[in-house]
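Structure file model-v7.cif with mmCIF, N, CA, C and O atoms:
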data_start
loop_
_atom_site.label_atom_id
_atom_site.label_comp_id
_atom_site.auth_asym_id
_atom_site.auth_seq_id
_atom_site.Cartn_x
_atom_site.Cartn_y
_atom_site.Cartn_z
N SER A 1 128.76 193.69 -25.40
CA SER A 1 128.64 193.09 -24.09
C SER A 1 128.40 194.15 -23.01
O SER A 1 127.67 193.89 -22.07
N GLU A 2 128.98 195.34 -23.18
CA GLU A 2 128.72 196.40 -22.20
C GLU A 2 127.25 196.76 -22.18
O GLU A 2 126.68 197.05 -21.13
N GLY A 3 126.60 196.75 -23.34
CA GLY A 3 125.18 197.06 -23.42
C GLY A 3 124.33 196.04 -22.69
O GLY A 3 123.35 196.38 -22.03
N LEU A 4 124.69 194.77 -22.81
CA LEU A 4 123.97 193.72 -22.09
C LEU A 4 124.11 193.91 -20.59
O LEU A 4 123.15 193.81 -19.83
N LEU A 5 125.33 194.19 -20.16
CA LEU A 5 125.58 194.39 -18.73
C LEU A 5 124.85 195.61 -18.19
O LEU A 5 124.26 195.57 -17.12
N ALA A 6 124.87 196.70 -18.96
CA ALA A 6 124.22 197.93 -18.53
C ALA A 6 122.71 197.75 -18.37
O ALA A 6 122.09 198.38 -17.52
N ARG A 7 122.13 196.88 -19.18
CA ARG A 7 120.68 196.64 -19.12
C ARG A 7 120.31 195.53 -18.15
O ARG A 7 119.15 195.20 -17.98
N GLY A 8 121.31 194.92 -17.54
CA GLY A 8 121.05 193.83 -16.61
C GLY A 8 120.61 192.56 -17.30
O GLY A 8 120.03 191.68 -16.67
N LEU A 9 120.88 192.45 -18.59
CA LEU A 9 120.52 191.25 -19.34
C LEU A 9 121.64 190.23 -19.25
O LEU A 9 122.81 190.57 -19.35
N ARG A 10 121.27 189.00 -19.07
CA ARG A 10 122.29 187.95 -19.03
C ARG A 10 121.71 186.70 -19.66
O ARG A 10 120.70 186.17 -19.19
N PHE A 11 122.31 186.27 -20.72
CA PHE A 11 121.94 185.02 -21.36
C PHE A 11 123.18 184.45 -22.04
O PHE A 11 124.16 185.17 -22.28
N ALA A 12 123.15 183.18 -22.31
CA ALA A 12 124.29 182.52 -22.94
C ALA A 12 124.34 182.91 -24.42
O ALA A 12 123.33 182.88 -25.12
N TRP A 13 125.51 183.30 -24.88
CA TRP A 13 125.70 183.66 -26.28
C TRP A 13 127.15 183.45 -26.67
O TRP A 13 128.01 183.24 -25.82
N TYR A 14 127.41 183.43 -27.96
CA TYR A 14 128.81 183.33 -28.38
C TYR A 14 129.08 184.22 -29.58
O TYR A 14 128.31 184.27 -30.51
N PRO A 15 130.19 184.95 -29.51
CA PRO A 15 130.59 185.81 -30.62
C PRO A 15 131.57 185.08 -31.55
O PRO A 15 132.23 184.13 -31.15
N MET A 16 131.61 185.54 -32.78
CA MET A 16 132.62 185.10 -33.74
C MET A 16 133.61 186.25 -33.88
O MET A 16 133.23 187.35 -34.28
N LEU A 17 134.86 186.01 -33.49
CA LEU A 17 135.86 187.07 -33.47
C LEU A 17 137.12 186.66 -34.22
O LEU A 17 137.44 185.48 -34.32
N ARG A 18 137.84 187.65 -34.69
CA ARG A 18 139.14 187.40 -35.29
C ARG A 18 140.18 187.33 -34.17
O ARG A 18 140.12 188.11 -33.21
N SER A 19 141.11 186.41 -34.29
CA SER A 19 142.14 186.27 -33.26
C SER A 19 142.90 187.57 -33.07
O SER A 19 143.20 187.97 -31.94
N VAL A 20 143.21 188.25 -34.16
CA VAL A 20 143.96 189.50 -34.08
C VAL A 20 143.16 190.55 -33.29
O VAL A 20 143.74 191.36 -32.57
N SER A 21 141.84 190.51 -33.39
CA SER A 21 141.01 191.45 -32.62
C SER A 21 141.06 191.13 -31.15
O SER A 21 141.19 192.04 -30.31
N VAL A 22 140.96 189.85 -30.80
CA VAL A 22 141.03 189.45 -29.39
C VAL A 22 142.34 189.95 -28.78
O VAL A 22 142.35 190.46 -27.66
N LEU A 23 143.42 189.84 -29.52
CA LEU A 23 144.73 190.25 -29.00
C LEU A 23 144.85 191.77 -28.88
O LEU A 23 145.67 192.25 -28.10
N ARG A 24 144.02 192.51 -29.59
CA ARG A 24 144.06 193.97 -29.51
C ARG A 24 143.10 194.54 -28.47
O ARG A 24 143.24 195.69 -28.07
N TYR A 25 142.12 193.75 -28.07
CA TYR A 25 141.14 194.24 -27.09
C TYR A 25 141.81 194.51 -25.75
O TYR A 25 142.72 193.80 -25.33
N ALA A 26 141.29 195.50 -25.05
CA ALA A 26 141.72 195.74 -23.67
C ALA A 26 141.25 194.57 -22.82
O ALA A 26 140.19 193.99 -23.10
N PRO A 27 142.01 194.20 -21.79
CA PRO A 27 141.58 193.11 -20.91
C PRO A 27 140.16 193.31 -20.38
O PRO A 27 139.40 192.35 -20.27
N ALA A 28 139.78 194.55 -20.09
CA ALA A 28 138.43 194.83 -19.58
C ALA A 28 137.35 194.46 -20.59
O ALA A 28 136.25 194.05 -20.21
N THR A 29 137.64 194.59 -21.87
CA THR A 29 136.68 194.22 -22.90
C THR A 29 136.45 192.71 -22.90
O THR A 29 135.31 192.24 -22.98
N LEU A 30 137.53 191.95 -22.80
CA LEU A 30 137.40 190.49 -22.74
C LEU A 30 136.69 190.07 -21.46
O LEU A 30 135.87 189.14 -21.47
N ASP A 31 136.98 190.76 -20.36
CA ASP A 31 136.28 190.47 -19.10
C ASP A 31 134.78 190.73 -19.25
O ASP A 31 133.96 189.96 -18.75
N ALA A 32 134.42 191.81 -19.94
CA ALA A 32 133.01 192.15 -20.14
C ALA A 32 132.31 191.09 -21.00
O ALA A 32 131.14 190.77 -20.75
N LEU A 33 133.01 190.56 -21.99
CA LEU A 33 132.42 189.48 -22.79
C LEU A 33 132.01 188.32 -21.90
O LEU A 33 130.89 187.82 -21.98
N ALA A 34 132.92 187.91 -21.05
CA ALA A 34 132.64 186.78 -20.15
C ALA A 34 131.53 187.13 -19.16
O ALA A 34 130.62 186.33 -18.94
N ALA A 35 131.58 188.31 -18.60
CA ALA A 35 130.59 188.72 -17.60
C ALA A 35 129.19 188.82 -18.19
O ALA A 35 128.19 188.61 -17.49
N SER A 36 129.10 189.11 -19.49
CA SER A 36 127.79 189.28 -20.13
C SER A 36 127.17 187.96 -20.59
O SER A 36 126.08 187.95 -21.13
N GLY A 37 127.88 186.85 -20.38
CA GLY A 37 127.30 185.56 -20.71
C GLY A 37 127.91 184.85 -21.89
O GLY A 37 127.49 183.75 -22.24
N ALA A 38 128.92 185.47 -22.54
CA ALA A 38 129.59 184.77 -23.64
C ALA A 38 130.28 183.53 -23.06
O ALA A 38 131.03 183.64 -22.09
N TYR A 39 129.99 182.39 -23.60
CA TYR A 39 130.56 181.16 -23.04
C TYR A 39 131.46 180.43 -24.02
O TYR A 39 132.29 179.61 -23.63
N ILE A 40 131.31 180.72 -25.29
CA ILE A 40 132.19 180.19 -26.33
C ILE A 40 132.59 181.37 -27.20
O ILE A 40 131.77 182.24 -27.48
N VAL A 41 133.85 181.40 -27.63
CA VAL A 41 134.28 182.41 -28.60
C VAL A 41 134.79 181.66 -29.82
O VAL A 41 135.73 180.86 -29.73
N LEU A 42 134.14 181.88 -30.95
CA LEU A 42 134.53 181.26 -32.21
C LEU A 42 135.64 182.09 -32.83
O LEU A 42 135.45 183.27 -33.12
N LEU A 43 136.80 181.49 -33.01
CA LEU A 43 137.96 182.15 -33.62
C LEU A 43 138.23 181.51 -34.97
O LEU A 43 138.34 180.28 -35.06
N GLY A 44 138.38 182.30 -35.99
CA GLY A 44 138.68 181.77 -37.32
C GLY A 44 140.18 181.59 -37.49
O GLY A 44 140.87 182.49 -37.96
N GLY A 45 140.68 180.42 -37.11
CA GLY A 45 142.10 180.14 -37.24
C GLY A 45 142.54 180.02 -38.68
O GLY A 45 143.66 180.38 -39.03
N GLU A 46 141.66 179.50 -39.51
CA GLU A 46 141.83 179.34 -40.96
C GLU A 46 142.91 178.33 -41.35
O GLU A 46 142.64 177.37 -42.01
N THR A 47 144.16 178.56 -40.95
CA THR A 47 145.25 177.68 -41.33
C THR A 47 146.36 177.77 -40.30
O THR A 47 146.38 178.69 -39.50
N GLY A 48 147.28 176.84 -40.35
CA GLY A 48 148.35 176.82 -39.36
C GLY A 48 149.66 177.43 -39.82
O GLY A 48 150.63 177.43 -39.07
N THR A 49 149.71 177.95 -41.04
CA THR A 49 150.98 178.49 -41.52
C THR A 49 150.86 179.97 -41.85
O THR A 49 149.84 180.43 -42.38
N ASP A 50 151.92 180.70 -41.58
CA ASP A 50 151.94 182.13 -41.89
C ASP A 50 151.80 182.37 -43.39
O ASP A 50 151.15 183.32 -43.83
N GLU A 51 152.42 181.50 -44.20
CA GLU A 51 152.38 181.65 -45.66
C GLU A 51 150.94 181.59 -46.18
O GLU A 51 150.51 182.44 -46.95
N THR A 52 150.20 180.60 -45.74
CA THR A 52 148.82 180.47 -46.19
C THR A 52 147.96 181.59 -45.62
O THR A 52 147.06 182.10 -46.31
N MET A 53 148.20 182.00 -44.38
CA MET A 53 147.45 183.12 -43.81
C MET A 53 147.65 184.37 -44.67
O MET A 53 146.70 185.11 -44.93
N ALA A 54 148.87 184.61 -45.12
CA ALA A 54 149.14 185.77 -45.97
C ALA A 54 148.40 185.66 -47.30
O ALA A 54 147.85 186.64 -47.80
N ARG A 55 148.36 184.44 -47.86
CA ARG A 55 147.64 184.23 -49.12
C ARG A 55 146.14 184.46 -48.95
O ARG A 55 145.47 184.88 -49.88
N LEU A 56 145.61 184.18 -47.76
CA LEU A 56 144.20 184.40 -47.47
C LEU A 56 143.92 185.84 -47.05
O LEU A 56 142.78 186.20 -46.74
N LEU A 57 144.97 186.67 -47.02
CA LEU A 57 144.88 188.07 -46.60
C LEU A 57 144.44 188.21 -45.15
O LEU A 57 143.75 189.15 -44.77
N LYS A 58 144.85 187.25 -44.32
CA LYS A 58 144.59 187.30 -42.88
C LYS A 58 145.78 187.92 -42.19
O LYS A 58 146.92 187.71 -42.60
N THR A 59 145.55 188.67 -41.13
CA THR A 59 146.64 189.39 -40.47
C THR A 59 147.22 188.65 -39.27
O THR A 59 148.25 189.05 -38.75
N THR A 60 146.58 187.57 -38.83
CA THR A 60 147.11 186.81 -37.71
C THR A 60 148.34 186.04 -38.17
O THR A 60 148.32 185.41 -39.22
N ARG A 61 149.40 186.09 -37.37
CA ARG A 61 150.64 185.39 -37.71
C ARG A 61 151.17 184.67 -36.48
O ARG A 61 150.79 184.96 -35.35
N GLY A 62 152.08 183.76 -36.73
CA GLY A 62 152.75 183.06 -35.65
C GLY A 62 151.76 182.33 -34.77
O GLY A 62 150.88 181.62 -35.24
N ASP A 63 151.89 182.53 -33.49
CA ASP A 63 151.03 181.85 -32.53
C ASP A 63 149.82 182.70 -32.12
O ASP A 63 149.24 182.49 -31.06
N GLY A 64 149.42 183.63 -32.97
CA GLY A 64 148.31 184.52 -32.64
C GLY A 64 147.02 183.80 -32.31
O GLY A 64 146.29 184.20 -31.39
N ASN A 65 146.71 182.72 -33.04
CA ASN A 65 145.48 181.97 -32.75
C ASN A 65 145.57 181.31 -31.38
O ASN A 65 144.59 181.33 -30.62
N LEU A 66 146.72 180.76 -31.07
CA LEU A 66 146.91 180.12 -29.77
C LEU A 66 146.84 181.16 -28.65
O LEU A 66 146.17 180.95 -27.62
N GLU A 67 147.48 182.30 -28.83
CA GLU A 67 147.46 183.36 -27.83
C GLU A 67 146.04 183.87 -27.59
O GLU A 67 145.64 184.11 -26.45
N ALA A 68 145.27 184.03 -28.67
CA ALA A 68 143.88 184.48 -28.53
C ALA A 68 143.06 183.44 -27.78
O ALA A 68 142.25 183.78 -26.91
N ALA A 69 143.26 182.17 -28.10
CA ALA A 69 142.53 181.10 -27.41
C ALA A 69 142.85 181.09 -25.91
O ALA A 69 141.97 180.90 -25.08
N VAL A 70 144.11 181.34 -25.56
CA VAL A 70 144.51 181.38 -24.16
C VAL A 70 143.83 182.55 -23.45
O VAL A 70 143.34 182.40 -22.33
N GLU A 71 143.78 183.71 -24.08
CA GLU A 71 143.13 184.88 -23.47
C GLU A 71 141.65 184.63 -23.22
O GLU A 71 141.10 185.04 -22.20
N VAL A 72 141.00 183.96 -24.16
CA VAL A 72 139.59 183.62 -24.01
C VAL A 72 139.40 182.63 -22.86
O VAL A 72 138.56 182.82 -21.98
N ALA A 73 140.20 181.57 -22.86
CA ALA A 73 140.09 180.52 -21.84
C ALA A 73 140.41 181.06 -20.45
O ALA A 73 139.80 180.64 -19.46
N ARG A 74 141.33 181.99 -20.38
CA ARG A 74 141.72 182.59 -19.09
C ARG A 74 140.52 183.22 -18.38
O ARG A 74 140.49 183.33 -17.16
N ARG A 75 139.52 183.60 -19.17
CA ARG A 75 138.33 184.26 -18.61
C ARG A 75 137.15 183.32 -18.47
O ARG A 75 136.03 183.76 -18.25
N GLY A 76 137.40 182.02 -18.62
CA GLY A 76 136.36 181.03 -18.42
C GLY A 76 135.48 180.76 -19.63
O GLY A 76 134.51 180.02 -19.53
N MET A 77 135.81 181.36 -20.76
CA MET A 77 135.07 181.08 -21.99
C MET A 77 135.81 179.98 -22.75
O MET A 77 137.02 179.83 -22.63
N THR A 78 135.08 179.23 -23.55
CA THR A 78 135.68 178.14 -24.32
C THR A 78 136.07 178.65 -25.70
O THR A 78 135.20 179.12 -26.44
N PRO A 79 137.35 178.57 -26.05
CA PRO A 79 137.74 178.96 -27.41
C PRO A 79 137.38 177.84 -28.39
O PRO A 79 137.62 176.66 -28.12
N HIS A 80 136.76 178.19 -29.49
CA HIS A 80 136.40 177.25 -30.54
C HIS A 80 137.08 177.79 -31.80
O HIS A 80 136.70 178.84 -32.32
N VAL A 81 138.11 177.09 -32.26
CA VAL A 81 138.91 177.58 -33.39
C VAL A 81 138.58 176.76 -34.62
O VAL A 81 138.62 175.53 -34.60
N THR A 82 138.26 177.46 -35.71
CA THR A 82 137.95 176.77 -36.96
C THR A 82 139.14 176.86 -37.91
O THR A 82 139.87 177.85 -37.94
N TYR A 83 139.32 175.81 -38.71
CA TYR A 83 140.40 175.74 -39.68
C TYR A 83 139.87 175.27 -41.02
O TYR A 83 138.93 174.46 -41.07
N ILE A 84 140.45 175.75 -42.09
CA ILE A 84 140.12 175.29 -43.43
C ILE A 84 141.01 174.09 -43.71
O ILE A 84 142.24 174.21 -43.72
N ILE A 85 140.41 172.95 -43.94
CA ILE A 85 141.15 171.73 -44.24
C ILE A 85 141.17 171.51 -45.75
O ILE A 85 140.12 171.55 -46.41
N GLY A 86 142.36 171.32 -46.30
CA GLY A 86 142.48 171.08 -47.74
C GLY A 86 142.34 172.34 -48.58
O GLY A 86 141.84 172.29 -49.69
N PHE A 87 142.81 173.47 -48.05
CA PHE A 87 142.76 174.71 -48.81
C PHE A 87 143.47 174.51 -50.14
O PHE A 87 144.59 174.01 -50.20
N PRO A 88 142.84 174.89 -51.26
CA PRO A 88 143.44 174.67 -52.60
C PRO A 88 144.77 175.41 -52.77
O PRO A 88 144.94 176.51 -52.29
N GLY A 89 145.67 174.77 -53.49
CA GLY A 89 146.93 175.41 -53.87
C GLY A 89 148.00 175.10 -52.95
O GLY A 89 149.05 175.51 -52.83
#

Would you mind writing the structure in this file as structure tokens?
Amino acid sequence: SEGLLARGLRFAWYPMLRSVSVLRYAPATLDALAASGAYIVLLGGETGTDETMARLLKTTRGDGNLEAAVEVARRGMTPHVTYIIGFPG
């Protein structure tokens, strides 16, 4: 997003990000995403339980998906969270 801003380019786009990454980004990085035209952020929520997240080798735990969605929404971008329905086992 910094590259888009530096070049004066602005168009609507959406990134696919991990919730844990969103929570680790500096606030300025999330601000730059929004400023560069990101309007939706796709977050891979995968599942609602810590146990299944661990089985999927995902590092997000607890309310991490919700917290990431709030950080995205706070900047005017729409969080789009995907979940696996009917995960085997």

- Two-atom distance - atom O of Ile85 in chain A, CA of Ala54 in chain A (Å): 16.8 Å

- Record the distance separating CA of Ala38 in chain A and CA of Leu56 in chain A, expressed in Å with one decimal.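 Computing the Euclidean distance for CA of Ala38 in chain A and CA of Leu56 in chain A yields 28.0 Å.
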
- Message: For the strand (DSSP E) assignment from backbone DSSP, which residues of chain A qualify? Please present them as a ChimeraX atom specification.
- Response: /A:16-17,40-46,78-83

Polymer residues at most 6 Å from range 11-20 of chain A, only N, CA, C and O atoms, same-chain spacing of 2 or more positions, as a PDB file with N, CA, C and O atoms, keeping the file's coordinate frame:
ATOM      1  N   LEU A   9     120.880 192.450 -18.590  1.00  0.00           N
ATOM      2  CA  LEU A   9     120.520 191.250 -19.340  1.00  0.00           C
ATOM      3  C   LEU A   9     121.640 190.230 -19.250  1.00  0.00           C
ATOM      4  O   LEU A   9     122.810 190.570 -19.350  1.00  0.00           O
ATOM      5  N   VAL A  22     140.960 189.850 -30.800  1.00  0.00           N
ATOM      6  CA  VAL A  22     141.030 189.450 -29.390  1.00  0.00           C
ATOM      7  C   VAL A  22     142.340 189.950 -28.780  1.00  0.00           C
ATOM      8  O   VAL A  22     142.350 190.460 -27.660  1.00  0.00           O
ATOM      9  N   LEU A  23     143.420 189.840 -29.520  1.00  0.00           N
ATOM     10  CA  LEU A  23     144.730 190.250 -29.000  1.00  0.00           C
ATOM     11  C   LEU A  23     144.850 191.770 -28.880  1.00  0.00           C
ATOM     12  O   LEU A  23     145.670 192.250 -28.100  1.00  0.00           O
ATOM     13  N   ARG A  24     144.020 192.510 -29.590  1.00  0.00           N
ATOM     14  CA  ARG A  24     144.060 193.970 -29.510  1.00  0.00           C
ATOM     15  C   ARG A  24     143.100 194.540 -28.470  1.00  0.00           C
ATOM     16  O   ARG A  24     143.240 195.690 -28.070  1.00  0.00           O
ATOM     17  N   TYR A  25     142.120 193.750 -28.070  1.00  0.00           N
ATOM     18  CA  TYR A  25     141.140 194.240 -27.090  1.00  0.00           C
ATOM     19  C   TYR A  25     141.810 194.510 -25.750  1.00  0.00           C
ATOM     20  O   TYR A  25     142.720 193.800 -25.330  1.00  0.00           O
ATOM     21  N   SER A  36     129.100 189.110 -19.490  1.00  0.00           N
ATOM     22  CA  SER A  36     127.790 189.280 -20.130  1.00  0.00           C
ATOM     23  C   SER A  36     127.170 187.960 -20.590  1.00  0.00           C
ATOM     24  O   SER A  36     126.080 187.950 -21.130  1.00  0.00           O
ATOM     25  N   GLY A  37     127.880 186.850 -20.380  1.00  0.00           N
ATOM     26  CA  GLY A  37     127.300 185.560 -20.710  1.00  0.00           C
ATOM     27  C   GLY A  37     127.910 184.850 -21.890  1.00  0.00           C
ATOM     28  O   GLY A  37     127.490 183.750 -22.240  1.00  0.00           O
ATOM     29  N   ALA A  38     128.920 185.470 -22.540  1.00  0.00           N
ATOM     30  CA  ALA A  38     129.590 184.770 -23.640  1.00  0.00           C
ATOM     31  C   ALA A  38     130.280 183.530 -23.060  1.00  0.00           C
ATOM     32  O   ALA A  38     131.030 183.640 -22.090  1.00  0.00           O
ATOM     33  N   TYR A  39     129.990 182.390 -23.600  1.00  0.00           N
ATOM     34  CA  TYR A  39     130.560 181.160 -23.040  1.00  0.00           C
ATOM     35  C   TYR A  39     131.460 180.430 -24.020  1.00  0.00           C
ATOM     36  O   TYR A  39     132.290 179.610 -23.630  1.00  0.00           O
ATOM     37  N   ILE A  40     131.310 180.720 -25.290  1.00  0.00           N
ATOM     38  CA  ILE A  40     132.190 180.190 -26.330  1.00  0.00           C
ATOM     39  C   ILE A  40     132.590 181.370 -27.200  1.00  0.00           C
ATOM     40  O   ILE A  40     131.770 182.240 -27.480  1.00  0.00           O
ATOM     41  N   VAL A  41     133.850 181.400 -27.630  1.00  0.00           N
ATOM     42  CA  VAL A  41     134.280 182.410 -28.600  1.00  0.00           C
ATOM     43  C   VAL A  41     134.790 181.660 -29.820  1.00  0.00           C
ATOM     44  O   VAL A  41     135.730 180.860 -29.730  1.00  0.00           O
ATOM     45  N   LEU A  42     134.140 181.880 -30.950  1.00  0.00           N
ATOM     46  CA  LEU A  42     134.530 181.260 -32.210  1.00  0.00           C
ATOM     47  C   LEU A  42     135.640 182.090 -32.830  1.00  0.00           C
ATOM     48  O   LEU A  42     135.450 183.270 -33.120  1.00  0.00           O
ATOM     49  N   LEU A  43     136.800 181.490 -33.010  1.00  0.00           N
ATOM     50  CA  LEU A  43     137.960 182.150 -33.620  1.00  0.00           C
ATOM     51  C   LEU A  43     138.230 181.510 -34.970  1.00  0.00           C
ATOM     52  O   LEU A  43     138.340 180.280 -35.060  1.00  0.00           O
ATOM     53  N   GLY A  44     138.380 182.300 -35.990  1.00  0.00           N
ATOM     54  CA  GLY A  44     138.680 181.770 -37.320  1.00  0.00           C
ATOM     55  C   GLY A  44     140.180 181.590 -37.490  1.00  0.00           C
ATOM     56  O   GLY A  44     140.870 182.490 -37.960  1.00  0.00           O
ATOM     57  N   THR A  60     146.580 187.570 -38.830  1.00  0.00           N
ATOM     58  CA  THR A  60     147.110 186.810 -37.710  1.00  0.00           C
ATOM     59  C   THR A  60     148.340 186.040 -38.170  1.00  0.00           C
ATOM     60  O   THR A  60     148.320 185.410 -39.220  1.00  0.00           O
ATOM     61  N   GLY A  64     149.420 183.630 -32.970  1.00  0.00           N
ATOM     62  CA  GLY A  64     148.310 184.520 -32.640  1.00  0.00           C
ATOM     63  C   GLY A  64     147.020 183.800 -32.310  1.00  0.00           C
ATOM     64  O   GLY A  64     146.290 184.200 -31.390  1.00  0.00           O
ATOM     65  N   ASN A  65     146.710 182.720 -33.040  1.00  0.00           N
ATOM     66  CA  ASN A  65     145.480 181.970 -32.750  1.00  0.00           C
ATOM     67  C   ASN A  65     145.570 181.310 -31.380  1.00  0.00           C
ATOM     68  O   ASN A  65     144.590 181.330 -30.620  1.00  0.00           O
ATOM     69  N   ALA A  68     145.270 184.030 -28.670  1.00  0.00           N
ATOM     70  CA  ALA A  68     143.880 184.480 -28.530  1.00  0.00           C
ATOM     71  C   ALA A  68     143.060 183.440 -27.780  1.00  0.00           C
ATOM     72  O   ALA A  68     142.250 183.780 -26.910  1.00  0.00           O
TER      73      ALA A  68
END

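The interatomic distance for the pair atom N of Leu30 in chain A and atom C of Leu4 in chain A works out to 13.7 Å.
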
- For the structure provided, state which residues fall under the PyMOL selection byres (((chain A and resi 49-52 and name CA) around 12) and name CA), and present them as a count of residues only. 24

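Once Pro27 in chain A and its same-chain neighbours fewer than 4 positions away are set aside, Ser21, Val22, Leu23, Asp31, Ala32, Leu33, Ala34, Ala68, Glu71, Val72, Arg74 and Arg75 of chain A remain within 12 Å of it when counting only C-alpha atoms.
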
Export, as a PDB file, keeping the file's coordinate frame, the selected residues with N, CA, C and O atoms.
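part_1.pdb, freshly written:
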ATOM      1  N   SER A  21     141.840 190.510 -33.390  1.00  0.00           N
ATOM      2  CA  SER A  21     141.010 191.450 -32.620  1.00  0.00           C
ATOM      3  C   SER A  21     141.060 191.130 -31.150  1.00  0.00           C
ATOM      4  O   SER A  21     141.190 192.040 -30.310  1.00  0.00           O
ATOM      5  N   VAL A  22     140.960 189.850 -30.800  1.00  0.00           N
ATOM      6  CA  VAL A  22     141.030 189.450 -29.390  1.00  0.00           C
ATOM      7  C   VAL A  22     142.340 189.950 -28.780  1.00  0.00           C
ATOM      8  O   VAL A  22     142.350 190.460 -27.660  1.00  0.00           O
ATOM      9  N   LEU A  23     143.420 189.840 -29.520  1.00  0.00           N
ATOM     10  CA  LEU A  23     144.730 190.250 -29.000  1.00  0.00           C
ATOM     11  C   LEU A  23     144.850 191.770 -28.880  1.00  0.00           C
ATOM     12  O   LEU A  23     145.670 192.250 -28.100  1.00  0.00           O
ATOM     13  N   ASP A  31     136.980 190.760 -20.360  1.00  0.00           N
ATOM     14  CA  ASP A  31     136.280 190.470 -19.100  1.00  0.00           C
ATOM     15  C   ASP A  31     134.780 190.730 -19.250  1.00  0.00           C
ATOM     16  O   ASP A  31     133.960 189.960 -18.750  1.00  0.00           O
ATOM     17  N   ALA A  32     134.420 191.810 -19.940  1.00  0.00           N
ATOM     18  CA  ALA A  32     133.010 192.150 -20.140  1.00  0.00           C
ATOM     19  C   ALA A  32     132.310 191.090 -21.000  1.00  0.00           C
ATOM     20  O   ALA A  32     131.140 190.770 -20.750  1.00  0.00           O
ATOM     21  N   LEU A  33     133.010 190.560 -21.990  1.00  0.00           N
ATOM     22  CA  LEU A  33     132.420 189.480 -22.790  1.00  0.00           C
ATOM     23  C   LEU A  33     132.010 188.320 -21.900  1.00  0.00           C
ATOM     24  O   LEU A  33     130.890 187.820 -21.980  1.00  0.00           O
ATOM     25  N   ALA A  34     132.920 187.910 -21.050  1.00  0.00           N
ATOM     26  CA  ALA A  34     132.640 186.780 -20.150  1.00  0.00           C
ATOM     27  C   ALA A  34     131.530 187.130 -19.160  1.00  0.00           C
ATOM     28  O   ALA A  34     130.620 186.330 -18.940  1.00  0.00           O
ATOM     29  N   ALA A  68     145.270 184.030 -28.670  1.00  0.00           N
ATOM     30  CA  ALA A  68     143.880 184.480 -28.530  1.00  0.00           C
ATOM     31  C   ALA A  68     143.060 183.440 -27.780  1.00  0.00           C
ATOM     32  O   ALA A  68     142.250 183.780 -26.910  1.00  0.00           O
ATOM     33  N   GLU A  71     143.780 183.710 -24.080  1.00  0.00           N
ATOM     34  CA  GLU A  71     143.130 184.880 -23.470  1.00  0.00           C
ATOM     35  C   GLU A  71     141.650 184.630 -23.220  1.00  0.00           C
ATOM     36  O   GLU A  71     141.100 185.040 -22.200  1.00  0.00           O
ATOM     37  N   VAL A  72     141.000 183.960 -24.160  1.00  0.00           N
ATOM     38  CA  VAL A  72     139.590 183.620 -24.010  1.00  0.00           C
ATOM     39  C   VAL A  72     139.400 182.630 -22.860  1.00  0.00           C
ATOM     40  O   VAL A  72     138.560 182.820 -21.980  1.00  0.00           O
ATOM     41  N   ARG A  74     141.330 181.990 -20.380  1.00  0.00           N
ATOM     42  CA  ARG A  74     141.720 182.590 -19.090  1.00  0.00           C
ATOM     43  C   ARG A  74     140.520 183.220 -18.380  1.00  0.00           C
ATOM     44  O   ARG A  74     140.490 183.330 -17.160  1.00  0.00           O
ATOM     45  N   ARG A  75     139.520 183.600 -19.170  1.00  0.00           N
ATOM     46  CA  ARG A  75     138.330 184.260 -18.610  1.00  0.00           C
ATOM     47  C   ARG A  75     137.150 183.320 -18.470  1.00  0.00           C
ATOM     48  O   ARG A  75     136.030 183.760 -18.250  1.00  0.00           O
TER      49      ARG A  75
END

- Task: Would you please give, as number ranges by chain, all residues of chain A that DSSP assigns to helix (DSSP H, G or I) based on the backbone?
- Result: A: 2-6, 19-24, 27-35, 50-55, 64-74

Hey, could you pull the box centre and edge lengths for range 53-72 of chain A, axis-aligned, 5 Å padding per side, all listed atoms, to one decimal in Å, as JSON?
{"center_x": 145.7, "center_y": 184.8, "center_z": -35.9, "size_x": 24.2, "size_y": 19.3, "size_z": 37.9}
